[in-house]
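What's in start-v9.cif: mmCIF, C-alpha atoms
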data_data
loop_
_atom_site.label_atom_id
_atom_site.label_comp_id
_atom_site.auth_asym_id
_atom_site.auth_seq_id
_atom_site.Cartn_x
_atom_site.Cartn_y
_atom_site.Cartn_z
CA MET A 1 -13.23 -2.16 -12.30
CA ILE A 2 -12.69 -5.87 -11.74
CA HIS A 3 -9.69 -5.40 -9.49
CA ALA A 4 -11.18 -3.49 -6.58
CA PRO A 5 -14.05 -5.83 -5.63
CA PHE A 6 -11.98 -9.00 -5.90
CA GLU A 7 -9.10 -7.58 -3.91
CA LEU A 8 -11.43 -6.24 -1.23
CA LEU A 9 -13.23 -9.57 -0.93
CA TRP A 10 -9.95 -11.49 -0.88
CA ASP A 11 -8.57 -9.27 1.90
CA SER A 12 -11.81 -9.15 3.90
CA LEU A 13 -12.25 -12.88 4.21
CA ILE A 14 -9.24 -13.22 6.53
CA TRP A 15 -10.15 -10.33 8.82
CA GLU A 16 -11.92 -10.63 12.14
CA SER A 17 -15.70 -10.91 11.87
CA ARG A 18 -17.00 -7.36 12.12
CA ARG A 19 -14.37 -5.97 9.79
CA ALA A 20 -14.88 -8.90 7.42
CA TYR A 21 -18.65 -8.23 7.12
CA ASN A 22 -17.98 -4.59 6.25
CA GLY A 23 -15.32 -5.55 3.73
CA VAL A 24 -17.63 -8.07 2.07
CA PHE A 25 -20.39 -5.43 2.01
CA PHE A 26 -18.15 -3.06 0.06
CA GLY A 27 -16.80 -5.84 -2.14
CA VAL A 28 -20.27 -7.05 -3.09
CA GLY A 29 -21.38 -3.44 -3.69
CA LEU A 30 -18.48 -2.94 -6.07
CA LEU A 31 -19.31 -6.22 -7.83
CA LEU A 32 -22.91 -5.06 -8.33
CA CYS A 33 -21.66 -1.83 -9.90
CA LEU A 34 -19.38 -3.89 -12.11
CA GLY A 35 -22.35 -6.01 -13.14
CA LEU A 36 -24.39 -2.90 -13.90
CA SER A 37 -21.67 -1.69 -16.25
CA PHE A 38 -22.44 -4.56 -18.63
CA LEU A 39 -26.01 -3.34 -19.18
CA PRO A 40 -26.42 -1.35 -22.41
CA GLY A 41 -26.27 2.41 -21.80
CA ARG A 42 -25.43 1.96 -18.12
CA THR A 43 -21.61 1.86 -18.24
CA MET A 44 -20.97 5.47 -17.24
CA LEU A 45 -23.62 5.36 -14.49
CA ALA A 46 -22.08 2.13 -13.18
CA MET A 47 -18.60 3.63 -13.25
CA ARG A 48 -19.69 6.70 -11.31
CA LEU A 49 -21.49 4.56 -8.73
CA PHE A 50 -18.41 2.37 -8.53
CA VAL A 51 -16.17 5.39 -7.89
CA GLY A 52 -18.48 6.61 -5.14
CA PHE A 53 -18.59 3.17 -3.55
CA GLN A 54 -14.86 2.71 -3.81
CA LEU A 55 -14.28 6.14 -2.24
CA SER A 56 -16.48 5.05 0.69
CA ALA A 57 -14.41 1.87 0.96
CA ILE A 58 -11.20 3.92 0.96
CA VAL A 59 -12.51 6.15 3.75
CA TRP A 60 -13.54 3.08 5.75
CA LEU A 61 -10.22 1.28 5.17
CA PHE A 62 -8.09 4.35 5.83
CA PRO A 63 -5.16 4.40 6.63
CA ALA A 64 -4.73 0.74 5.60
CA VAL A 65 -5.54 1.44 1.93
CA SER A 66 -3.15 -0.24 -0.47
CA ASN A 67 -1.57 2.12 -2.96
CA HIS A 68 -2.75 0.12 -5.95
CA PHE A 69 -6.34 0.14 -4.65
CA PHE A 70 -6.08 3.93 -4.65
CA LEU A 71 -4.44 3.85 -8.10
CA VAL A 72 -7.44 1.97 -9.52
CA PHE A 73 -9.75 4.48 -7.84
CA PHE A 74 -7.83 7.44 -9.24
CA CYS A 75 -7.91 6.12 -12.81
CA LEU A 76 -11.64 5.44 -12.55
CA LEU A 77 -12.18 8.89 -11.04
CA LEU A 78 -10.52 10.45 -14.08
CA LEU A 79 -12.61 8.33 -16.43
CA SER A 80 -15.86 9.00 -14.57
CA ILE A 81 -15.50 12.73 -15.28
CA LEU A 82 -15.73 11.99 -18.99
CA ASP A 83 -18.33 10.63 -21.38
CA LEU A 84 -16.45 7.64 -22.77
CA GLU A 85 -19.05 7.15 -25.50
CA ARG A 86 -17.49 10.20 -27.21
CA ARG A 87 -14.26 9.45 -29.04
CA ASP A 88 -12.49 12.71 -28.09
CA GLU A 89 -13.27 12.20 -24.40
CA ALA A 90 -12.33 8.53 -24.54
CA LEU A 91 -8.96 9.54 -25.97
CA LEU A 92 -8.50 12.10 -23.21
CA GLY A 93 -9.33 9.41 -20.66
CA LEU A 94 -6.77 7.05 -22.19
CA GLN A 95 -4.08 9.73 -22.10
CA ALA A 96 -4.93 10.64 -18.51
CA CYS A 97 -4.69 7.01 -17.36
CA ARG A 98 -1.43 6.51 -19.24
CA LEU A 99 0.00 9.61 -17.57
CA THR A 100 -1.14 8.32 -14.18
CA VAL A 101 0.74 5.06 -14.74
CA LEU A 102 3.85 6.96 -15.83
CA ILE A 103 3.74 9.20 -12.77
CA VAL A 104 3.40 6.22 -10.45
CA PHE A 105 6.13 4.19 -12.08
CA PHE A 106 8.52 7.13 -12.20
CA TYR A 107 7.90 8.00 -8.57
CA THR A 108 8.55 4.44 -7.41
CA GLY A 109 12.05 4.91 -8.84
CA VAL A 110 12.44 8.48 -7.55
CA GLN A 111 11.43 7.50 -4.04
CA LYS A 112 13.84 4.57 -4.00
CA ALA A 113 16.63 6.88 -5.17
CA LEU A 114 15.76 9.61 -2.64
CA TYR A 115 15.46 7.22 0.31
CA GLY A 116 18.82 5.77 -0.78
CA THR A 117 18.18 2.25 0.50
CA TYR A 118 18.99 0.48 -2.75
CA PHE A 119 22.47 1.70 -3.60
CA LYS A 120 24.15 -0.66 -1.13
CA GLY A 121 21.38 -3.26 -1.30
CA GLN A 122 20.13 -2.29 2.15
CA LEU A 123 16.40 -2.71 1.56
CA LEU A 124 16.91 -5.88 -0.41
CA THR A 125 18.98 -7.55 2.32
CA TRP A 126 16.52 -6.40 4.99
CA THR A 127 13.62 -7.84 2.95
CA ILE A 128 15.43 -11.13 2.28
CA ALA A 129 16.24 -11.40 6.00
CA HIS A 130 12.68 -10.71 7.16
CA ASP A 131 10.37 -11.95 4.42
CA ASP A 132 10.05 -15.67 3.64
CA ARG A 133 8.79 -14.98 0.14
CA PHE A 134 11.91 -13.04 -0.82
CA ARG A 135 14.23 -15.41 0.99
CA THR A 136 12.78 -18.32 -1.00
CA ALA A 137 13.09 -16.42 -4.27
CA PHE A 138 16.69 -15.31 -3.69
CA GLU A 139 17.92 -18.62 -2.23
CA VAL A 140 18.18 -19.74 -5.83
CA ILE A 141 20.97 -17.30 -6.64
CA LEU A 142 22.60 -16.43 -3.31
CA PRO A 143 25.79 -18.29 -2.38
CA ALA A 144 25.42 -20.22 0.89
CA ASP A 145 27.70 -17.84 2.86
CA GLU A 146 25.85 -14.72 1.78
CA ALA A 147 22.45 -16.38 2.38
CA ARG A 148 23.57 -17.32 5.92
CA ARG A 149 24.93 -13.83 6.58
CA ILE A 150 21.71 -12.17 5.44
CA ALA A 151 19.52 -14.64 7.39
CA ALA A 152 21.51 -13.80 10.52
CA LEU A 153 20.54 -10.13 10.12
CA ALA A 154 16.89 -10.93 10.81
CA ASP A 155 17.02 -10.43 14.58
CA THR A 156 19.50 -7.60 14.52
CA VAL A 157 19.39 -3.85 14.03
CA GLY A 158 21.80 -4.07 11.11
CA PRO A 159 23.71 -2.61 9.41
CA PHE A 160 21.88 -3.84 6.35
CA GLY A 161 23.54 -4.00 2.98
CA THR A 162 25.61 -6.31 0.82
CA GLU A 163 28.96 -6.43 -0.93
CA TRP A 164 28.02 -9.38 -3.10
CA TRP A 165 28.05 -7.67 -6.46
CA PRO A 166 25.20 -9.56 -8.21
CA LEU A 167 22.81 -8.50 -5.44
CA LEU A 168 24.13 -4.93 -5.67
CA VAL A 169 23.55 -4.97 -9.43
CA ILE A 170 19.98 -6.26 -8.98
CA SER A 171 19.26 -3.66 -6.31
CA ASN A 172 20.57 -0.73 -8.35
CA PHE A 173 19.04 -2.04 -11.56
CA VAL A 174 15.58 -1.84 -9.96
CA VAL A 175 16.03 1.87 -9.30
CA VAL A 176 17.49 2.65 -12.72
CA PHE A 177 14.81 0.66 -14.52
CA GLU A 178 11.96 2.34 -12.65
CA LEU A 179 13.43 5.74 -13.48
CA LEU A 180 14.01 5.02 -17.18
CA ALA A 181 11.06 2.79 -18.12
CA PRO A 182 8.45 5.60 -17.95
CA PHE A 183 10.36 7.53 -20.60
CA LEU A 184 10.58 4.44 -22.79
CA LEU A 185 6.81 3.97 -22.39
CA LEU A 186 6.28 7.59 -23.36
CA HIS A 187 8.06 7.41 -26.72
CA PRO A 188 6.05 5.67 -29.49
CA ARG A 189 9.15 4.00 -30.95
CA THR A 190 10.19 2.32 -27.72
CA ARG A 191 6.72 1.84 -26.28
CA SER A 192 6.02 -1.78 -27.30
CA ALA A 193 9.43 -2.99 -26.19
CA ALA A 194 9.02 -1.05 -22.94
CA VAL A 195 5.65 -2.70 -22.24
CA ALA A 196 7.22 -6.13 -22.77
CA ALA A 197 10.22 -5.22 -20.59
CA VAL A 198 8.06 -3.89 -17.76
CA VAL A 199 5.81 -6.96 -17.87
CA VAL A 200 8.89 -9.19 -17.52
CA PHE A 201 10.15 -6.90 -14.72
CA MET A 202 6.81 -7.19 -12.90
CA VAL A 203 6.75 -10.99 -13.28
CA LEU A 204 10.25 -11.19 -11.77
CA ILE A 205 9.32 -8.87 -8.89
CA GLU A 206 6.09 -10.75 -8.16
CA SER A 207 7.89 -14.10 -8.20
CA GLY A 208 9.36 -12.87 -4.92
CA ALA A 209 6.80 -10.42 -3.58
CA ARG A 210 3.73 -12.49 -4.59
CA GLU A 211 1.53 -9.40 -4.40
CA TRP A 212 -0.85 -10.79 -6.97
CA PHE A 213 -3.38 -7.98 -7.06
CA PHE A 214 -0.75 -5.27 -7.40
CA GLY A 215 0.95 -7.25 -10.15
CA CYS A 216 -2.30 -7.80 -12.07
CA VAL A 217 -3.40 -4.18 -11.70
CA PHE A 218 -0.10 -2.88 -12.97
CA VAL A 219 0.22 -5.33 -15.86
CA ASN A 220 -3.34 -4.49 -16.94
CA LEU A 221 -2.56 -0.76 -16.77
CA LEU A 222 0.60 -1.30 -18.82
CA PHE A 223 -1.48 -2.57 -21.70
CA LEU A 224 -3.00 0.89 -21.99
CA PHE A 225 0.20 1.71 -23.85
CA THR A 226 -0.15 -0.87 -26.63
CA ARG A 227 -1.37 0.17 -30.03
CA ARG A 228 -4.05 -2.50 -30.15
CA SER A 229 -6.21 -3.53 -27.22
CA TRP A 230 -5.33 -6.78 -25.47
CA TYR A 231 -8.13 -6.51 -22.95
CA GLY A 232 -10.33 -9.01 -24.75
CA VAL A 233 -7.77 -11.62 -23.65
CA LEU A 234 -6.30 -9.97 -20.57
CA LEU A 235 -9.47 -9.23 -18.65
CA PRO A 236 -10.99 -12.73 -18.82
CA LEU A 237 -7.60 -14.18 -17.81
CA THR A 238 -7.39 -11.74 -14.92
CA LEU A 239 -10.94 -12.56 -13.88
CA VAL A 240 -10.20 -16.29 -13.87
CA PHE A 241 -7.02 -15.69 -11.86
CA TYR A 242 -8.88 -13.59 -9.30
CA ALA A 243 -11.61 -16.22 -8.99
CA PHE A 244 -8.88 -18.81 -8.45
CA LEU A 245 -7.35 -16.67 -5.68
CA LEU A 246 -10.69 -15.96 -4.04
CA TYR A 247 -12.16 -19.47 -4.18
CA PRO A 248 -10.27 -21.00 -1.19
CA ARG A 249 -11.36 -18.10 1.02
CA LEU A 250 -15.05 -18.49 0.22
CA ASP A 251 -15.25 -21.24 2.85
CA ARG A 252 -15.54 -18.44 5.37
CA VAL A 253 -18.63 -17.05 3.64
CA TRP A 254 -20.33 -20.44 3.60
CA GLY A 255 -19.54 -20.63 7.33
CA TRP A 256 -21.63 -17.49 7.95
CA PHE A 257 -24.73 -19.30 6.73
CA MET B 1 -19.49 20.31 -18.55
CA SER B 2 -17.60 21.24 -21.71
CA LEU B 3 -14.61 19.23 -22.90
CA ARG B 4 -12.35 22.15 -22.01
CA ALA B 5 -13.66 22.21 -18.43
CA LYS B 6 -13.26 18.44 -18.13
CA THR B 7 -9.72 18.69 -19.48
CA LEU B 8 -8.84 21.38 -16.95
CA LEU B 9 -10.29 19.30 -14.13
CA ILE B 10 -8.33 16.25 -15.21
CA VAL B 11 -5.13 18.27 -15.55
CA ALA B 12 -5.68 19.72 -12.06
CA LEU B 13 -6.16 16.22 -10.61
CA LEU B 14 -3.06 14.92 -12.37
CA VAL B 15 -0.95 17.84 -11.17
CA ALA B 16 -2.08 17.22 -7.58
CA PHE B 17 -1.42 13.49 -8.07
CA ALA B 18 2.07 14.25 -9.37
CA LEU B 19 3.00 16.73 -6.64
CA TRP B 20 1.64 14.79 -3.66
CA PRO B 21 4.55 12.28 -3.43
CA LEU B 22 6.94 15.16 -2.80
CA ALA B 23 4.73 16.46 -0.01
CA HIS B 24 4.43 12.86 1.19
CA ARG B 25 8.17 12.82 1.93
CA ALA B 26 7.74 15.80 4.24
CA VAL B 27 4.78 14.19 6.00
CA VAL B 28 6.73 10.96 6.46
CA HIS B 29 9.74 12.78 7.85
CA GLU B 30 7.79 15.06 10.16
CA HIS B 31 5.27 12.59 11.57
CA PHE B 32 6.98 9.17 11.27
CA VAL B 33 4.25 8.10 8.85
CA SER B 34 4.94 4.82 7.07
CA PRO B 35 6.32 5.61 3.59
CA TRP B 36 4.42 2.54 2.35
CA ARG B 37 1.11 4.33 2.91
CA LEU B 38 -0.72 7.45 1.79
CA PHE B 39 -0.04 7.03 -1.94
CA GLY B 40 3.48 8.45 -2.03
CA TRP B 41 4.66 5.45 -4.11
CA ALA B 42 7.42 4.81 -1.57
CA MET B 43 6.68 1.12 -1.04
CA TYR B 44 9.76 -1.05 -0.57
CA CYS B 45 11.86 2.01 0.25
CA VAL B 46 12.24 1.67 3.99
CA PRO B 47 11.91 -1.26 6.42
CA VAL B 48 8.71 -1.20 8.47
CA TYR B 49 8.22 -2.15 12.07
CA LYS B 50 5.25 -2.06 14.39
CA PRO B 51 5.52 0.30 17.36
CA ARG B 52 5.71 -0.98 20.90
CA VAL B 53 3.47 0.51 23.59
CA GLU B 54 4.32 0.57 27.28
CA LEU B 55 2.18 2.09 30.02
CA PHE B 56 3.49 3.58 33.25
CA ILE B 57 1.94 5.04 36.33
CA ASP B 58 3.43 6.92 39.26
CA HIS B 59 3.14 4.68 42.31
CA GLY B 60 4.49 6.31 45.45
CA GLY B 61 7.07 8.28 43.54
CA GLU B 62 8.17 5.27 41.51
CA ARG B 63 7.48 4.68 37.85
CA VAL B 64 5.65 1.35 37.55
CA GLN B 65 4.68 -0.39 34.36
CA ILE B 66 1.10 -1.60 33.97
CA ALA B 67 -0.50 -3.83 31.37
CA PHE B 68 -3.13 -2.72 28.91
CA PRO B 69 -6.43 -4.30 30.01
CA ARG B 70 -7.22 -6.79 27.24
CA THR B 71 -10.30 -7.82 29.24
CA SER B 72 -12.88 -7.51 26.48
CA ALA B 73 -13.05 -7.85 22.70
CA ASN B 74 -13.61 -4.09 22.44
CA ASN B 75 -10.47 -3.33 24.44
CA VAL B 76 -8.43 -5.72 22.33
CA ARG B 77 -9.83 -4.13 19.17
CA THR B 78 -8.99 -0.63 20.46
CA PHE B 79 -5.43 -1.62 21.23
CA ASP B 80 -4.85 -3.50 17.97
CA THR B 81 -6.39 -0.65 15.95
CA PHE B 82 -4.14 1.82 17.72
CA ILE B 83 -1.02 -0.22 16.94
CA ARG B 84 -2.08 -0.62 13.31
CA ASN B 85 -2.91 3.06 12.85
CA ARG B 86 0.19 4.23 14.69
CA ALA B 87 2.35 2.04 12.45
CA GLU B 88 0.72 3.63 9.38
CA LEU B 89 0.27 7.25 10.46
CA GLY B 90 2.90 7.75 13.13
CA THR B 91 2.44 10.76 15.39
CA LEU B 92 -0.70 11.82 13.50
CA VAL B 93 -2.46 9.21 15.66
CA ASP B 94 -3.05 10.35 19.22
CA VAL B 95 -3.31 8.10 22.26
CA ASP B 96 -6.71 9.31 23.45
CA ASP B 97 -8.47 6.03 22.63
CA LEU B 98 -5.97 4.14 24.78
CA GLY B 99 -6.49 6.66 27.56
CA ARG B 100 -10.27 6.24 27.45
CA VAL B 101 -9.95 2.48 27.91
CA LEU B 102 -7.36 2.81 30.67
CA PHE B 103 -9.34 5.30 32.75
CA ARG B 104 -12.49 3.24 32.35
CA GLU B 105 -10.84 -0.04 33.33
CA TYR B 106 -8.75 1.45 36.15
CA PRO B 107 -11.11 3.83 37.99
CA GLN B 108 -8.45 4.65 40.60
CA LEU B 109 -6.06 5.94 37.93
CA ASP B 110 -5.60 9.72 37.62
CA GLN B 111 -2.65 9.81 35.30
CA VAL B 112 -0.89 7.41 32.97
CA THR B 113 2.18 7.76 30.77
CA VAL B 114 2.04 6.10 27.37
CA ARG B 115 5.47 5.38 25.96
CA ILE B 116 5.69 4.47 22.31
CA THR B 117 8.87 2.98 20.89
CA GLN B 118 9.01 3.24 17.11
CA PRO B 119 11.85 1.44 15.32
CA VAL B 120 13.03 3.63 12.44
CA TYR B 121 15.61 3.20 9.73
CA HIS B 122 18.72 5.31 10.31
CA TYR B 123 20.08 6.31 6.94
CA ASP B 124 23.61 7.23 8.03
CA SER B 125 24.35 3.89 9.66
CA ASP B 126 21.93 1.64 7.72
CA GLN B 127 20.72 0.36 11.07
CA ILE B 128 17.41 0.25 12.86
CA ARG B 129 17.21 2.68 15.74
CA SER B 130 14.36 3.55 18.06
CA ALA B 131 12.45 6.75 18.35
CA TYR B 132 10.62 7.30 21.66
CA PHE B 133 7.44 9.22 22.27
CA GLU B 134 5.90 9.80 25.68
CA HIS B 135 2.39 11.04 26.25
CA VAL B 136 1.07 11.89 29.69
CA LEU B 137 -2.67 11.43 30.00
CA ASP B 138 -4.67 12.92 32.85
CA ARG B 139 -8.15 11.83 33.84
CA ILE B 140 -10.75 14.45 32.96
CA ASP B 141 -13.99 14.08 34.92
#
Just dump the structure as structure tokens.
Amino acid sequence: MIHAPFELLWDSLIWESRRAYNGVFFGVGLLLCLGLSFLPGRTMLAMRLFVGFQLSAIVWLFPAVSNHFFLVFFCLLLLSILDLERRDEALLGLQACRLTVLIVFFYTGVQKALYGTYFKGQLLTWTIAHDDRFRTAFEVILPADEARRIAALADTVGPFGTEWWPLLVISNFVVVFELLAPFLLLHPRTRSAAVAAVVVFMVLIESGAREWFFGCVFVNLLFLFTRRSWYGVLLPLTLVFYAFLLYPRLDRVWGWF
Amino acid sequence: MSLRAKTLLIVALLVAFALWPLAHRAVVHEHFVSPWRLFGWAMYCVPVYKPRVELFIDHGGERVQIAFPRTSANNVRTFDTFIRNRAELGTLVDVDDLGRVLFREYPQLDQVTVRITQPVYHYDSDQIRSAYFEHVLDRID
């Protein structure tokens, strides 16, 4: 529940005025629901209010709803059906959220395989050519010739792709990993190692993509698979990180007053 | 609600959640929807480009291009929203909103052609090609 309000506020504060006010309205509403959840005996009520509010936000934002914003909503929707005070229902909720994460992770690999834009490094070269974040991240490993060749693709129609084998390996590894990791997360024996591997994978991806909210959401969801709960440490750290991201943008709010 | 009913509901939601990405591929293919949207988990699968909009009128038998009237904040918002939504939802977004603004700002206009150029990824050649869509809008009094 901490992800949605912070992400919405963070996004809203760079939009044009009218849209920004609406975004802040939804973000603050979600924060109030989050606050309500800390009151004794009010957690389930708060969650259900939160789901309703987030659904309204999704309708308002549509079609520009990020997939991970919807993922958070879907997990909370599943949980809001249940009474999490009851152990059997809490367990069902945990299993449902775990399955959701597995479905998402598996499909990210399936879609990449079906669209076929990773086998020759096509999407990776296009992204490096067009996105400064990825260009900066890959400049570290790309030889000068290949970096120049890819940069020159930016204002062209292609063809996109690479023959430099390390980039081909990275590109194909992403697909294979996303297809296999869900199965490793599923099996109790490989689960802990899989969580660690996926966390490292996410850190590497986000070092280029810098999609902080997606990265935090997914890493937090991954810890649903650990035997013991890490949320006592993870959630405060995430909260501090989100506050750190949001703080520079609050200047805009002060400007409204 | 009993635990059994809740379980069935959750299973039904998960099945729908699991099947939707396959349907998503059909929607993307049919309507030029962005694969990055609509929860198909196809982010970072295909390059994305914004569409380009050109407007034409028939002027004495000749096709003449006109500019979209960005004369007010509302008009600018309408145009930018259209571009954003068209980039996300492809041909599921109609051009009526653009037409409303055009016929209001150009009272002498009876018909306008909206041409949308959508860069798309061509899988056979690994190149970006353009798909063209033309919509003819007539004034309705």
Decode the PyMOL selection byres ((chain A and resi 80) around 9) for the given file into explicit residues and return them as a PyMOL selection string. chain A and resi 44-45+47-48+51+75-79+81-84+93
Where does the PyMOL selection byres ((chain B and resi 118) around 7) land in this file, that is, which residues does it pick, as a list in words?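 For this structure, the PyMOL selection byres ((chain B and resi 118) around 7) captures Pro51, Arg52, Ile116, Thr117, Pro119, Val120, Ser130, Ala131 and Tyr132 of chain B.
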Residues returned when the PyMOL selection byres ((chain A and resi 127) around 10) runs on this file, as a VMD selection string: (chain A and resid 121 to 126 128 to 135 150 154 160 209) or (chain B and resid 44 46 to 48)
Go through chain B and flag each residue having an atom no more than 10 Å from chain A; for those, report the closest pair of atoms plus their distance in Å to one decimal, using only C-alpha atoms, ordered by chain and rising number, as a tab-separated table.
residue	atom	partner	partner_atom	distance
B:Met1	CA	A:Leu82	CA	9.1
B:Ser2	CA	A:Leu82	CA	9.8
B:Leu3	CA	A:Glu89	CA	7.3
B:Lys6	CA	A:Ile81	CA	6.8
B:Thr7	CA	A:Leu92	CA	7.7
B:Leu9	CA	A:Ile81	CA	8.5
B:Ile10	CA	A:Leu78	CA	6.3
B:Val11	CA	A:Ala96	CA	8.2
B:Leu13	CA	A:Leu78	CA	8.0
B:Leu14	CA	A:Thr100	CA	7.1
B:Val15	CA	A:Ile103	CA	10.0
B:Phe17	CA	A:Thr100	CA	8.0
B:Ala18	CA	A:Ile103	CA	6.3
B:Leu19	CA	A:Ile103	CA	9.7
B:Pro21	CA	A:Tyr107	CA	7.5
B:Leu22	CA	A:Gln111	CA	9.0
B:Arg25	CA	A:Gln111	CA	8.6
B:Pro35	CA	A:Gln111	CA	9.4
B:Trp36	CA	A:Asn67	CA	8.0
B:Arg37	CA	A:Asn67	CA	6.8
B:Leu38	CA	A:Asn67	CA	7.2
B:Phe39	CA	A:Asn67	CA	5.2
B:Gly40	CA	A:Tyr107	CA	7.9
B:Trp41	CA	A:Thr108	CA	5.2
B:Ala42	CA	A:Gln111	CA	5.4
B:Met43	CA	A:Thr108	CA	7.4
B:Tyr44	CA	A:Leu123	CA	7.2
B:Cys45	CA	A:Lys112	CA	5.3
B:Val46	CA	A:Leu123	CA	6.5
B:Pro47	CA	A:Leu123	CA	6.8
B:Val48	CA	A:Thr127	CA	9.9
B:Arg77	CA	A:Glu16	CA	9.8
B:Arg84	CA	A:Ala64	CA	8.3
B:Asn85	CA	A:Pro63	CA	6.7
B:Arg86	CA	A:Pro63	CA	9.7
B:Ala87	CA	A:Pro63	CA	9.8
B:Glu88	CA	A:Pro63	CA	6.5
B:Leu89	CA	A:Pro63	CA	7.2
B:Pro119	CA	A:Val157	CA	9.3
B:Val120	CA	A:Val157	CA	9.9
B:Tyr121	CA	A:Val157	CA	9.1
B:His122	CA	A:Pro159	CA	9.4
B:Tyr123	CA	A:Gly116	CA	7.8
B:Asp124	CA	A:Pro159	CA	9.9
B:Ser125	CA	A:Pro159	CA	6.5
B:Asp126	CA	A:Pro159	CA	4.9
B:Gln127	CA	A:Pro159	CA	4.5
B:Ile128	CA	A:Val157	CA	4.7
B:Arg129	CA	A:Val157	CA	7.1
B:Ser130	CA	A:Val157	CA	9.8
What separation in Å, quoted to one decimal, exists between CA of Asp251 (chain A) and CA of Phe50 (chain A)?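 Pair CA of Asp251 (chain A) / CA of Phe50 (chain A) returns 26.4 Å.
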Please rebuild region 204-218 of chain A with N, CA and C atoms and give the result as a short mmCIF file (atom, residue, chain, number, x, y, z; two decimals), keeping the file's coordinate frame.
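Below you can see result.cif, which holds the result:
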data_model
loop_
_atom_site.label_atom_id
_atom_site.label_comp_id
_atom_site.auth_asym_id
_atom_site.auth_seq_id
_atom_site.Cartn_x
_atom_site.Cartn_y
_atom_site.Cartn_z
N LEU A 204 9.10 -10.86 -12.63
CA LEU A 204 10.25 -11.19 -11.77
C LEU A 204 10.04 -10.68 -10.35
N ILE A 205 9.56 -9.44 -10.22
CA ILE A 205 9.32 -8.87 -8.89
C ILE A 205 8.29 -9.72 -8.14
N GLU A 206 7.20 -10.05 -8.83
CA GLU A 206 6.09 -10.75 -8.16
C GLU A 206 6.44 -12.20 -7.87
N SER A 207 7.46 -12.74 -8.53
CA SER A 207 7.89 -14.10 -8.20
C SER A 207 8.44 -14.13 -6.78
N GLY A 208 8.90 -12.98 -6.30
CA GLY A 208 9.36 -12.87 -4.92
C GLY A 208 8.28 -12.28 -4.03
N ALA A 209 7.75 -11.14 -4.44
CA ALA A 209 6.80 -10.42 -3.58
C ALA A 209 5.45 -11.13 -3.47
N ARG A 210 5.03 -11.79 -4.55
CA ARG A 210 3.73 -12.49 -4.59
C ARG A 210 2.57 -11.58 -4.16
N GLU A 211 2.66 -10.32 -4.61
CA GLU A 211 1.53 -9.40 -4.40
C GLU A 211 0.69 -9.46 -5.66
N TRP A 212 -0.19 -10.46 -5.72
CA TRP A 212 -0.85 -10.79 -6.97
C TRP A 212 -1.72 -9.67 -7.50
N PHE A 213 -2.46 -9.02 -6.58
CA PHE A 213 -3.38 -7.98 -7.06
C PHE A 213 -2.61 -6.78 -7.60
N PHE A 214 -1.56 -6.38 -6.90
CA PHE A 214 -0.75 -5.27 -7.40
C PHE A 214 -0.18 -5.62 -8.76
N GLY A 215 0.36 -6.82 -8.89
CA GLY A 215 0.95 -7.25 -10.15
C GLY A 215 -0.06 -7.23 -11.29
N CYS A 216 -1.26 -7.76 -11.02
CA CYS A 216 -2.30 -7.80 -12.07
C CYS A 216 -2.77 -6.40 -12.44
N VAL A 217 -2.97 -5.56 -11.43
CA VAL A 217 -3.40 -4.18 -11.70
C VAL A 217 -2.38 -3.50 -12.60
N PHE A 218 -1.11 -3.62 -12.23
CA PHE A 218 -0.10 -2.88 -12.97
C PHE A 218 0.09 -3.43 -14.38
#
